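All remarks here apply to the structure that follows.
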There are 2 protein chains.
Amino acid sequence: MTESRQDRKERTRRAILDTALQLLETESLGSLSLRQLTKAVGIVPTAFYRHFATLDELGLALVDESFATLRSMIREVRQDAPAPEELIDRSVDVLASQLTAHEAHFRFIARERYGGVTPVREAIGHELSLFERELATDLARMPGLEKWGGEDLRLLAGLFLNLMVASAAELVGARPGVRKSIEETLRRQARMVVVGVVGWQPLG
Amino acid sequence: MTESRQDRKERTRRAILDTALQLLETESLGSLSLRQLTKAVGIVPTAFYRHFATLDELGLALVDESFATLRSMIREVRQDAPAPEELIDRSVDVLASQLTAHEAHFRFIARERYGGVTPVREAIGHELSLFERELATDLARMPGLEKWGGEDLRLLAGLFLNLMVASAAELVGARPGVRKSIEETLRRQARMVVVGVVGWQPLG
DNA sequence: CCTTTCAGTGAACATCCGTACACTGAAACT
DNA sequence: AGTTTCAGTGTACGGATGTTCACTGAAAGG
């Protein structure tokens, strides 16, 4: 019934993270102020320091959280191991559903990836390159790619990752109505990467 | 010898734009303050209003300027009409040199494309979609693509544009030493888009 | 030559900012 | 039961913020 002290602390911490994500819908981390944030959370400004030493540290915590979402996404694709020919469709479906469920995380990554807060920008860059490597090892198991070198796999993973991040950023900013067409564009672009310009059948 | 009144005004306006671009190296538009900017320019805060009604308007002027740079870039590629097989290398060379000359413009586009200032973000999105269409009509003239439909051309243009913007953003944040390798990655990824995963020769 | 225009000035304002400090009160520990 | 820990409070500060207003002085125009 009663709430333990660390439970309560954790709850406040979550409230700070969630409120920040909510405020970052309309602004960027660099322009977020401590007072504005704590007022929205419902605590006094100084209480913030019980949880984070600085706003940058809050940003880094949000990076961790956001990439946890991203990783759970590929895990979901990986676990029901779709056949190669439906892998693209399956991946896009998962992306779309995860994006709806965790829109704020995707927006955060897109907005701060090249944003004005250096440590956060660098942390996102680092996480993305880890993610790219992870994706590359997944791709290495695909039929037809077994004898590709690490370098080539990295190129391809980068290509797909770029496509994914760009589309996610697009989806995040789009009205729900046009989402389907952005999804469709992503699907077809991914297929174009697979068969190449030279193998593409126009009027598809 | 003497300076006309509008010359002087134009000079101050340029100083504001240039100083803003310089300050935006370390922060984003949303966190740029009027007083900080005008102090760096060397004018009094209120003098800013003689040139722009608001900071957002300054941002929109920077969007215009930055895309003028981008357009001059494809114009440069277009005018010496390289052969199809060397088009990728030529384009990457131009991108690299333009990026060195106008680093601040590329950084601005990358940083504010999904940044926290709505009107600027939307203006960049609009300009990018115009740019994509422009690129698509260029591609339509390429051998092998003559009978592609507008939709397919748009897909391909989007693919290349994404690749270009992502690489530019990467290059802008990179130490000069690693630039060459980012360029090389871009070259090879662009080639991979052309021949496709299925046509790619690994160990290349 | 006299008047108008207008880019830039300088003071004043109310408001927000981050942070320091001493505090409270209840949970946790002994 | 008594003591310690510590998440959250409340006040107070010096400084930065955007915007207002009346101003200056030199270029432009008559």
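Labels for the structure tokens follow display order: chains A, B, ..., residues from 1 in each chain, ligands from 1.
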Residues of chain D within 9 Å of chain A, only C-alpha atoms (C1' of nucleotides) counted, as a ChimeraX atom specification: /D:7-10
Residues of chain C within 8 Å of chain B, only C-alpha atoms (C1' of nucleotides) counted, as a ChimeraX atom specification: /C:7-9
Picked from range 8-180 of chain B by DSSP as alpha helix (DSSP H), as a PyMOL selection string: chain B and resi 8-23+34-41+55-79+87-101+103-113+118-140+150-173+176-180
Range 155-157 of chain B environment, 7 Å, only C-alpha atoms (C1' of nucleotides), sequence neighbours closer than 3 positions dropped, as a list in words: Thr185 and Gln189 of chain A; Glu132, Leu135, Ala136, Glu151, Asp152, Phe160 and Leu161 of chain B
Based on the selection just made, write N, CA and C atoms of those residues as a tab-separated table (two decimals), in the first residue's frame.
chain	number	residue	atom	x	y	z
A	185	THR	N	6.71	4.63	-49.42
A	185	THR	CA	7.96	5.12	-50.02
A	185	THR	C	9.16	4.38	-49.45
A	189	GLN	N	11.76	2.17	-51.53
A	189	GLN	CA	13.17	2.57	-51.57
A	189	GLN	C	14.07	1.45	-51.08
B	132	GLU	N	14.39	17.75	-54.23
B	132	GLU	CA	14.24	16.36	-54.65
B	132	GLU	C	13.59	16.27	-56.03
B	135	LEU	N	16.09	17.27	-58.62
B	135	LEU	CA	17.04	16.18	-58.83
B	135	LEU	C	16.42	15.09	-59.68
B	136	ALA	N	15.12	14.84	-59.45
B	136	ALA	CA	14.41	13.81	-60.22
B	136	ALA	C	14.37	14.16	-61.71
B	151	GLU	N	7.14	8.86	-60.48
B	151	GLU	CA	7.14	8.31	-59.12
B	151	GLU	C	8.43	7.57	-58.81
B	152	ASP	N	8.87	6.75	-59.76
B	152	ASP	CA	10.11	5.99	-59.57
B	152	ASP	C	11.31	6.93	-59.49
B	160	PHE	N	19.05	9.25	-53.13
B	160	PHE	CA	20.32	9.97	-53.27
B	160	PHE	C	20.38	11.19	-52.36
B	161	LEU	N	19.26	11.89	-52.27
B	161	LEU	CA	19.24	13.09	-51.45
B	161	LEU	C	19.47	12.75	-49.97
Residue hits in chain B, query chain A, radius 7 Å, only C-alpha atoms, as JSON, numbers by chain: {"B": [26, 27, 28, 30, 31, 110, 111, 114, 115, 116, 117, 148, 149, 152, 155, 159, 185, 189, 193, 194, 195, 196, 197, 198, 202, 203]}
Residues from last step as file, C-alpha atoms, as a short mmCIF file (atom, residue, chain, number, x, y, z; two decimals), in the first residue's frame:
data_model
loop_
_atom_site.label_atom_id
_atom_site.label_comp_id
_atom_site.auth_asym_id
_atom_site.auth_seq_id
_atom_site.Cartn_x
_atom_site.Cartn_y
_atom_site.Cartn_z
CA THR B 26 27.92 25.40 -31.21
CA GLU B 27 24.21 25.75 -30.58
CA SER B 28 20.89 25.56 -32.34
CA GLY B 30 16.10 27.65 -30.77
CA SER B 31 18.65 28.46 -28.10
CA ALA B 110 21.37 19.37 -40.96
CA ARG B 111 20.83 20.82 -37.51
CA TYR B 114 14.39 18.32 -37.53
CA GLY B 115 15.17 21.06 -35.01
CA GLY B 116 12.87 22.71 -32.53
CA VAL B 117 11.88 25.82 -34.48
CA TRP B 148 11.06 5.72 -65.77
CA GLY B 149 7.91 7.24 -64.37
CA ASP B 152 10.11 5.99 -59.57
CA LEU B 155 12.04 7.47 -55.14
CA LEU B 159 17.41 7.92 -51.97
CA THR B 185 31.74 5.48 -47.89
CA GLN B 189 27.01 3.46 -51.01
CA VAL B 193 22.26 1.90 -54.84
CA VAL B 194 22.95 1.81 -58.55
CA VAL B 195 23.86 -1.87 -58.93
CA GLY B 196 21.82 -3.04 -55.95
CA VAL B 197 22.58 -5.57 -53.29
CA VAL B 198 21.97 -8.37 -55.79
CA PRO B 202 31.78 -8.07 -52.54
CA LEU B 203 35.45 -7.71 -51.64
#
Spatial neighbours of DG29 in chain D, max dist 10 Å, only C-alpha atoms (C1' of nucleotides), sep filter under 4 positions, as a VMD selection string: chain C and resid 3 to 5
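A straight line drawn from CA of Arg71 in chain A to CA of Thr137 in chain A is 13.9 Å long.
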Shell around Ser72 in chain A at 12 Å using only C-alpha atoms (C1' of nucleotides), local window under 5 positions removed, as a VMD selection string: chain A and resid 65 to 67 77 to 79 94 to 95 98 to 99 102 131
Distance query Ala96 in chain B at most 8 Å, only C-alpha atoms (C1' of nucleotides), self and fewer than 4 positions along chain excluded, as number ranges by chain: B: 92, 100, 183
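CA of Leu70 in chain A is found 27.7 Å from CA of Arg175 in chain B.
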Residue nearest Ala20 in chain B among B:Ile74, B:Ala53, B:Leu87, B:Ala104 (counting only C-alpha atoms): B:Ala104
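The space between CA of Lys180 in chain A and CA of Leu23 in chain A spans 26.3 Å.
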Neighbour list for DC16 in chain C as a PDB file with N, CA and C atoms (P, O5', C5', C4', C3', O3' and C1' of nucleotides), in the first residue's frame, cut-off 9 Å, only C-alpha atoms (C1' of nucleotides), skip fewer than 5 positions in-chain:
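That gives us result_19.pdb:
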ATOM      1  N   ARG A  35      13.711  25.328 -15.136  1.00  0.00           N
ATOM      2  CA  ARG A  35      12.512  25.822 -14.434  1.00  0.00           C
ATOM      3  C   ARG A  35      11.231  25.421 -15.150  1.00  0.00           C
TER       4      ARG A  35
ATOM      5  P    DA D  16      25.115  38.294 -17.555  1.00  0.00           P
ATOM      6  O5'  DA D  16      23.978  37.762 -18.536  1.00  0.00           O
ATOM      7  C5'  DA D  16      23.711  36.365 -18.607  1.00  0.00           C
ATOM      8  C4'  DA D  16      22.353  36.171 -19.246  1.00  0.00           C
ATOM      9  C3'  DA D  16      22.143  36.999 -20.518  1.00  0.00           C
ATOM     10  O3'  DA D  16      21.777  36.131 -21.585  1.00  0.00           O
ATOM     11  C1'  DA D  16      20.355  37.329 -18.969  1.00  0.00           C
ATOM     12  P    DT D  17      21.408  36.663 -23.002  1.00  0.00           P
ATOM     13  O5'  DT D  17      19.825  36.811 -22.979  1.00  0.00           O
ATOM     14  C5'  DT D  17      19.021  35.631 -22.803  1.00  0.00           C
ATOM     15  C4'  DT D  17      17.579  36.044 -22.648  1.00  0.00           C
ATOM     16  C3'  DT D  17      17.082  37.009 -23.710  1.00  0.00           C
ATOM     17  O3'  DT D  17      16.671  36.289 -24.847  1.00  0.00           O
ATOM     18  C1'  DT D  17      16.236  37.551 -21.537  1.00  0.00           C
TER      19       DT D  17
END
